[in-house]
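Student: Pasting upload_4.cif here (mmCIF, C-alpha atoms):
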data_input
loop_
_atom_site.label_atom_id
_atom_site.label_comp_id
_atom_site.auth_asym_id
_atom_site.auth_seq_id
_atom_site.Cartn_x
_atom_site.Cartn_y
_atom_site.Cartn_z
CA MET A 118 15.41 -44.11 20.03
CA LYS A 119 15.18 -41.64 22.94
CA SER A 120 18.87 -42.19 23.76
CA SER A 121 19.82 -41.51 20.13
CA LEU A 122 17.76 -38.29 20.10
CA ARG A 123 19.37 -37.03 23.32
CA HIS A 124 22.79 -37.82 21.82
CA ARG A 125 22.07 -35.74 18.71
CA VAL A 126 20.81 -32.83 20.81
CA SER A 127 23.94 -32.98 22.99
CA ILE A 128 26.18 -32.88 19.92
CA GLY A 129 24.23 -29.90 18.56
CA LEU A 130 24.50 -28.03 21.84
CA ALA A 131 28.22 -28.72 22.00
CA LEU A 132 28.66 -27.20 18.56
CA LEU A 133 26.73 -24.10 19.63
CA ILE A 134 28.99 -23.76 22.69
CA LEU A 135 32.11 -24.06 20.55
CA LEU A 136 30.78 -21.39 18.21
CA GLY A 137 30.01 -19.09 21.11
CA ILE A 138 26.28 -19.13 20.37
CA ALA A 139 25.25 -20.91 23.56
CA ALA A 140 26.77 -20.88 27.01
CA PRO A 141 27.71 -24.14 28.80
CA GLY A 142 24.70 -25.59 30.60
CA SER A 143 22.17 -23.61 28.56
CA ALA A 144 19.32 -25.04 26.54
CA PRO A 145 19.06 -24.37 22.79
CA THR A 146 17.03 -21.24 22.00
CA PHE A 147 15.28 -20.05 18.87
CA ALA A 148 16.11 -16.73 17.25
CA LYS A 149 13.99 -13.90 18.55
CA GLU A 150 11.18 -12.59 16.36
CA PRO A 151 12.18 -9.36 14.57
CA ALA A 152 11.01 -6.12 16.12
CA ASN A 153 7.74 -4.70 14.91
CA GLY A 154 8.16 -3.17 11.48
CA ALA A 155 7.52 0.45 10.63
CA THR A 156 4.24 1.71 9.21
CA ILE A 157 3.49 4.91 7.34
CA THR A 158 -0.10 6.15 7.24
CA PHE A 159 -1.58 8.76 4.95
CA ARG A 160 -4.93 10.29 5.80
CA LYS A 161 -6.89 12.93 3.91
CA VAL A 162 -10.14 14.44 5.14
CA PHE A 163 -11.93 16.79 2.75
CA LYS A 164 -15.59 17.40 3.49
CA SER A 165 -18.02 17.92 0.59
CA SER A 166 -15.64 16.24 -1.86
CA TYR A 167 -15.52 12.73 -3.28
CA PRO A 168 -14.17 10.83 -1.54
CA GLU A 169 -14.28 12.75 1.73
CA PHE A 170 -12.04 10.31 3.58
CA VAL A 171 -8.92 8.47 2.45
CA GLU A 172 -6.62 6.46 4.69
CA ILE A 173 -3.80 4.27 3.40
CA LYS A 174 -1.43 2.37 5.67
CA VAL A 175 1.78 0.86 4.31
CA SER A 176 4.15 -1.33 6.30
CA ASP A 177 7.80 -1.76 5.41
CA SER A 178 6.93 -5.33 4.37
CA GLY A 179 4.57 -4.04 1.65
CA ALA A 180 1.35 -5.13 3.37
CA GLY A 181 -1.19 -2.40 3.90
CA MET A 182 -4.78 -1.29 4.37
CA CYS A 183 -6.88 1.16 2.41
CA ASP A 184 -10.14 2.86 3.44
CA ILE A 185 -11.76 5.23 0.92
CA ARG A 186 -15.28 6.51 1.60
CA GLN A 187 -17.57 9.37 2.55
CA LEU A 188 -17.31 10.49 6.16
CA ASN A 189 -20.75 9.26 7.20
CA ASP A 190 -20.14 5.81 5.72
CA ASP A 191 -18.96 3.00 7.96
CA ALA A 192 -15.24 2.33 8.02
CA ASN A 193 -14.36 -0.42 5.56
CA PRO A 194 -10.58 -0.92 5.38
CA GLN A 195 -9.44 -3.34 2.68
CA PRO A 196 -6.07 -5.13 2.49
CA ILE A 197 -3.67 -4.02 -0.20
CA SER A 198 -0.21 -5.15 -1.25
CA ILE A 199 2.45 -2.78 -2.56
CA ASP A 200 5.57 -3.85 -4.42
CA GLY A 201 9.01 -3.44 -2.87
CA PRO A 202 10.37 -0.57 -5.01
CA LEU A 203 7.38 1.66 -4.27
CA VAL A 204 7.47 0.77 -0.56
CA GLN A 205 11.15 1.69 -0.52
CA ARG A 206 10.40 5.03 -2.20
CA ILE A 207 7.69 5.80 0.35
CA PHE A 208 10.01 5.11 3.28
CA ASP A 209 12.91 6.96 1.63
CA LEU A 210 10.77 10.07 1.27
CA ALA A 211 9.55 9.73 4.86
CA GLY A 212 13.20 9.51 5.92
CA LYS A 213 13.95 12.77 4.12
CA LEU A 214 11.13 14.27 6.17
CA HIS A 215 12.68 12.92 9.41
CA ASN A 216 9.82 10.44 9.67
CA PHE A 217 7.58 13.46 10.36
CA ASP A 218 9.31 14.18 13.66
CA GLY A 219 9.22 17.88 14.56
CA ILE A 220 8.68 19.21 11.04
CA ASP A 221 6.25 21.82 9.72
CA LEU A 222 5.00 21.24 6.18
CA GLU A 223 2.31 23.93 6.04
CA MET A 224 2.87 26.86 3.69
CA HIS A 225 1.30 29.33 6.20
CA ARG A 226 -0.28 31.55 3.59
CA ARG A 227 -3.92 32.25 2.91
CA ILE A 228 -5.12 29.56 0.54
CA ALA A 229 -8.33 27.67 -0.17
CA ASN A 230 -9.13 24.60 1.90
CA LEU A 231 -7.74 21.64 -0.02
CA GLY A 232 -8.42 19.08 2.69
CA GLU A 233 -6.39 18.19 5.75
CA LYS A 234 -3.58 15.79 4.89
CA THR A 235 -1.72 13.85 7.57
CA PHE A 236 1.43 11.72 7.39
CA ARG A 237 2.13 9.43 10.34
CA TYR A 238 5.08 7.18 11.14
CA ASP A 239 4.81 4.30 13.63
CA ARG A 240 7.45 1.86 14.76
CA GLY A 241 6.86 0.13 18.07
CA SER A 242 6.30 2.84 20.66
CA GLU A 243 7.71 5.53 18.34
CA THR A 244 5.07 7.71 16.68
CA HIS A 245 5.38 10.96 14.73
CA ALA A 246 2.76 12.80 12.68
CA VAL A 247 2.37 16.03 10.74
CA SER A 248 -0.74 17.60 9.20
CA PHE A 249 -1.08 20.29 6.53
CA ASN A 250 -3.44 21.82 4.01
CA TYR A 251 -0.86 22.75 1.37
CA THR A 252 2.91 22.32 1.24
CA LEU A 253 5.79 23.45 -0.95
CA ASP A 254 8.22 20.83 0.36
CA ARG A 255 9.27 18.71 -2.62
CA SER A 256 9.65 15.44 -0.71
CA ALA A 257 6.24 15.93 0.90
CA GLU A 258 4.70 16.79 -2.48
CA GLU A 259 6.11 13.60 -4.00
CA LEU A 260 4.96 11.48 -1.08
CA LEU A 261 1.51 13.06 -1.27
CA GLY A 262 1.37 12.34 -5.00
CA ILE A 263 2.20 8.66 -4.43
CA PHE A 264 -0.55 8.23 -1.86
CA GLU A 265 -3.13 10.13 -3.90
CA ASP A 266 -2.30 8.01 -6.93
CA LEU A 267 -2.61 4.85 -4.82
CA ALA A 268 -6.02 6.09 -3.69
CA ARG A 269 -7.03 6.73 -7.31
CA GLU A 270 -5.85 3.25 -8.29
CA GLN A 271 -7.80 1.60 -5.47
CA THR A 272 -10.90 3.63 -6.40
CA ASP A 273 -10.58 2.53 -10.02
CA LEU A 274 -10.21 -1.10 -8.98
CA SER A 275 -13.13 -0.90 -6.56
CA ASP A 276 -15.36 0.70 -9.21
CA LEU A 277 -14.37 -1.96 -11.74
CA LYS A 278 -15.19 -4.81 -9.36
CA ARG A 279 -18.48 -3.17 -8.37
CA THR A 280 -19.67 -2.67 -11.94
CA MET A 281 -18.54 -6.16 -12.92
CA ARG A 282 -20.80 -7.50 -10.21
CA TYR A 283 -23.78 -5.15 -10.33
CA ASP A 284 -23.71 -3.13 -13.57
CA ARG A 285 -22.29 -5.05 -16.49
CA LEU A 286 -23.31 -2.38 -18.98
CA GLY A 287 -21.40 0.22 -16.94
CA VAL A 288 -18.14 -1.72 -17.04
CA ASN A 289 -17.00 -0.15 -20.30
CA ASP A 290 -17.33 3.39 -18.92
CA VAL A 291 -15.18 2.46 -15.92
CA LEU A 292 -12.60 0.88 -18.22
CA ILE A 293 -12.40 4.08 -20.27
CA ARG A 294 -11.62 6.05 -17.10
CA ILE A 295 -9.01 3.50 -16.04
CA GLU A 296 -7.40 3.74 -19.49
CA GLN A 297 -7.24 7.51 -19.14
CA ASP A 298 -5.64 7.25 -15.69
CA TYR A 299 -3.15 4.71 -17.03
CA ASP A 300 -2.25 6.91 -20.02
CA LYS A 301 -1.66 9.85 -17.66
CA LYS A 302 0.61 7.63 -15.49
CA LEU A 303 -1.65 8.12 -12.48
CA LEU A 304 -1.65 4.44 -11.51
CA PRO A 305 1.52 3.63 -9.55
CA GLU A 306 1.00 -0.15 -9.63
CA PRO A 307 -1.34 -0.94 -12.53
CA GLN A 308 -0.47 -4.65 -12.30
CA GLN A 309 -2.83 -4.74 -9.33
CA LEU A 310 -5.66 -4.42 -11.87
CA LEU A 311 -4.62 -7.48 -13.90
CA PRO A 312 -6.71 -10.16 -12.11
CA ALA A 313 -9.93 -8.17 -12.59
CA LEU A 314 -9.05 -7.27 -16.20
CA ASP A 315 -8.27 -10.90 -17.04
CA GLN A 316 -11.50 -12.08 -15.43
CA LEU A 317 -13.50 -9.54 -17.41
CA ALA A 318 -11.76 -10.33 -20.70
CA ALA A 319 -12.52 -14.05 -20.35
CA ASP A 320 -16.19 -13.73 -19.33
CA THR A 321 -18.67 -13.83 -22.20
CA HIS A 322 -21.38 -12.30 -20.00
CA TYR A 323 -19.84 -8.85 -20.62
CA ILE A 324 -20.22 -6.92 -23.85
CA ASP A 325 -17.52 -7.56 -26.46
CA ILE A 326 -16.24 -3.97 -26.52
CA ALA A 327 -15.57 -4.10 -22.77
CA ARG A 328 -13.89 -7.50 -23.00
CA GLU A 329 -11.63 -6.30 -25.81
CA ARG A 330 -10.80 -3.09 -23.95
CA ALA A 331 -9.90 -5.09 -20.83
CA ARG A 332 -7.78 -7.50 -22.88
CA THR A 333 -5.91 -4.68 -24.60
CA LEU A 334 -5.25 -2.76 -21.38
CA ALA A 335 -4.01 -5.91 -19.63
CA ALA A 336 -1.60 -6.57 -22.51
CA ARG A 337 -0.27 -3.01 -22.30
CA ILE A 338 0.27 -3.28 -18.55
CA ARG A 339 2.12 -6.59 -18.95
CA ALA A 340 4.26 -5.24 -21.78
CA ALA A 341 5.24 -2.19 -19.74
CA GLY A 342 6.26 -4.43 -16.85
CA HIS A 343 8.99 -6.19 -18.82
#
What's the structure tokens form of this structure?

Tutor:
Amino acid sequence: MKSSLRHRVSIGLALLILLGIAAPGSAPTFAKEPANGATITFRKVFKSSYPEFVEIKVSDSGAGMCDIRQLNDDANPQPISIDGPLVQRIFDLAGKLHNFDGIDLEMHRRIANLGEKTFRYDRGSETHAVSFNYTLDRSAEELLGIFEDLAREQTDLSDLKRTMRYDRLGVNDVLIRIEQDYDKKLLPEPQQLLPALDQLAADTHYIDIARERARTLAARIRAAGH
């Protein structure tokens, strides 16, 4: 058995040598792991608002983290997943902004404090960041809008899960707000809400009007996705 195994390995190595993949006398090697992917982070700090702190990290693989809270609350980042087309749009817009390397997005005019916004790009040892209060750059405005809508969506989902667990009578009010955000196209990936909506619609512990509202909204989201 051992002789047969060594024979098969020798044949495989010979093929690699013929193909120019391995040098004579070398041992077979595995492909190297890909380099660390890029990550784009959005942070907004706006004291005396709600929420006061928003931080969303998105990797080029679509995996991410989201932390939305008041400043004196403990950090509580939660994993999120973002679909490929939206991830691509985020990185395309960052590319138009030179991945935030050496750019100035601030309008530099007297204007009310709207919260400090920061975009950051990380890839391996490469890091670039830019902060601003208000910008007129169209690519930055679009990127800001995407992240603020993602924050709104995560807040809606968090509020829905919280009321489903602790305030069943308050679920309907949260659903009304989610419907309004959906109608205004403020939810970039509403399909992320489907598991919670389906759970609510199927659970007889919730009032009928909330279950029907959840069922109807889920059907609309699914229909729009086709």

Student: I need the residue nearest A:Pro307 from this list: A:Thr333, A:Gln187, A:Thr244, A:Gln271. Use all atoms listed in the file for the distance.

Tutor: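 Closest residue, counting all atoms listed in the file: A:Gln271.
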
Student: Please expand the PyMOL selection byres ((chain A and resi 265) around 10) into the concrete residues it hits in this file, giving the result as a PyMOL selection string.

Tutor: chain A and resi 159-161+171-173+259-264+266-271+303-305

Student: Counting all atoms listed in the file, which residues sit no farther than 12 Å from the position (1.2, 33.6, -2.0) in the file's frame? I'd like them as number ranges by chain.

Tutor: A: 224-229, 251-253

Student: Compare A:Val162, A:Gln195, A:Gln309, A:Pro202 by their minimum atom-to-atom distance to A:Ser178, counting all atoms listed in the file, and give me the closest one.

Tutor: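 That would be A:Pro202, the residue with the smallest distance to A:Ser178.
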
Student: Run the PyMOL selection byres ((chain A and resi 287-289) around 12) against the file shown and list the residues it catches, as a PyMOL selection string.

Tutor: chain A and resi 273-286+290-296+313-314+317-318+322-331

Student: The PyMOL selection byres ((chain A and resi 233) around 8) - which residues does that actually catch in the file I just gave you? List them as a list in words.

Tutor: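 This file gives the following for the PyMOL selection byres ((chain A and resi 233) around 8): Lys161, Val162, Phe163, Asn230, Leu231, Gly232, Lys234, Thr235, Ser248, Phe249 and Asn250 of chain A.
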
Student: Smallest atom-to-atom distance to A:Asp218: which of A:Ala246, A:Ile338, A:Ile199, A:Ala192, using all atoms listed in the file?

Tutor: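 Of the candidates, the smallest distance to A:Asp218 is held by A:Ala246.
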
Student: I'd like the interatomic distance between atom CA of A:Asn193 and atom CA of A:Arg237, to a tenth of an Å.

Tutor: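 Straight-line distance from atom CA of A:Asn193 to atom CA of A:Arg237 works out to 19.8 Å.
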
Student: Please rebuild stretch 290-318 of chain A with N, CA and C atoms and give the result as a short mmCIF file (atom, residue, chain, number, x, y, z; two decimals), in the frame of the given file.

Tutor:
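Saved the output as out.cif:
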data_model
loop_
_atom_site.label_atom_id
_atom_site.label_comp_id
_atom_site.auth_asym_id
_atom_site.auth_seq_id
_atom_site.Cartn_x
_atom_site.Cartn_y
_atom_site.Cartn_z
N ASP A 290 -17.60 2.00 -19.32
CA ASP A 290 -17.33 3.39 -18.92
C ASP A 290 -16.22 3.44 -17.87
N VAL A 291 -16.24 2.51 -16.93
CA VAL A 291 -15.18 2.46 -15.92
C VAL A 291 -13.84 2.14 -16.56
N LEU A 292 -13.85 1.23 -17.52
CA LEU A 292 -12.60 0.88 -18.22
C LEU A 292 -12.02 2.08 -18.97
N ILE A 293 -12.87 2.88 -19.57
CA ILE A 293 -12.40 4.08 -20.27
C ILE A 293 -11.69 5.01 -19.29
N ARG A 294 -12.27 5.20 -18.10
CA ARG A 294 -11.62 6.05 -17.10
C ARG A 294 -10.30 5.45 -16.64
N ILE A 295 -10.25 4.15 -16.46
CA ILE A 295 -9.01 3.50 -16.04
C ILE A 295 -7.94 3.66 -17.12
N GLU A 296 -8.33 3.52 -18.38
CA GLU A 296 -7.40 3.74 -19.49
C GLU A 296 -6.83 5.15 -19.45
N GLN A 297 -7.69 6.12 -19.20
CA GLN A 297 -7.24 7.51 -19.14
C GLN A 297 -6.25 7.71 -17.98
N ASP A 298 -6.55 7.14 -16.82
CA ASP A 298 -5.64 7.25 -15.69
C ASP A 298 -4.31 6.57 -15.99
N TYR A 299 -4.38 5.43 -16.67
CA TYR A 299 -3.15 4.71 -17.03
C TYR A 299 -2.32 5.53 -18.02
N ASP A 300 -2.96 6.11 -19.02
CA ASP A 300 -2.25 6.91 -20.02
C ASP A 300 -1.59 8.14 -19.39
N LYS A 301 -2.22 8.68 -18.35
CA LYS A 301 -1.66 9.85 -17.66
C LYS A 301 -0.65 9.46 -16.58
N LYS A 302 -0.36 8.16 -16.48
CA LYS A 302 0.61 7.63 -15.49
C LYS A 302 0.18 7.97 -14.06
N LEU A 303 -1.11 7.84 -13.80
CA LEU A 303 -1.65 8.12 -12.48
C LEU A 303 -1.85 6.86 -11.65
N LEU A 304 -1.49 5.70 -12.21
CA LEU A 304 -1.65 4.44 -11.51
C LEU A 304 -0.26 3.90 -11.17
N PRO A 305 0.15 4.01 -9.91
CA PRO A 305 1.52 3.63 -9.55
C PRO A 305 1.81 2.14 -9.68
N GLU A 306 0.80 1.29 -9.52
CA GLU A 306 1.00 -0.15 -9.63
C GLU A 306 -0.14 -0.77 -10.43
N PRO A 307 -0.21 -0.48 -11.72
CA PRO A 307 -1.34 -0.94 -12.53
C PRO A 307 -1.47 -2.46 -12.60
N GLN A 308 -0.38 -3.19 -12.29
CA GLN A 308 -0.47 -4.65 -12.30
C GLN A 308 -1.47 -5.17 -11.28
N GLN A 309 -1.81 -4.34 -10.30
CA GLN A 309 -2.83 -4.74 -9.33
C GLN A 309 -4.20 -4.92 -9.99
N LEU A 310 -4.38 -4.32 -11.16
CA LEU A 310 -5.66 -4.42 -11.87
C LEU A 310 -5.76 -5.68 -12.73
N LEU A 311 -4.65 -6.37 -12.94
CA LEU A 311 -4.62 -7.48 -13.90
C LEU A 311 -5.61 -8.60 -13.59
N PRO A 312 -5.74 -9.06 -12.34
CA PRO A 312 -6.71 -10.16 -12.11
C PRO A 312 -8.13 -9.80 -12.53
N ALA A 313 -8.58 -8.58 -12.21
CA ALA A 313 -9.93 -8.17 -12.59
C ALA A 313 -10.05 -8.01 -14.10
N LEU A 314 -9.02 -7.44 -14.74
CA LEU A 314 -9.05 -7.27 -16.20
C LEU A 314 -9.09 -8.62 -16.90
N ASP A 315 -8.28 -9.57 -16.42
CA ASP A 315 -8.27 -10.90 -17.04
C ASP A 315 -9.60 -11.61 -16.86
N GLN A 316 -10.20 -11.47 -15.68
CA GLN A 316 -11.50 -12.08 -15.43
C GLN A 316 -12.55 -11.51 -16.38
N LEU A 317 -12.53 -10.19 -16.54
CA LEU A 317 -13.50 -9.54 -17.41
C LEU A 317 -13.30 -9.97 -18.86
N ALA A 318 -12.05 -10.00 -19.31
CA ALA A 318 -11.76 -10.33 -20.70
C ALA A 318 -12.20 -11.74 -21.06
#
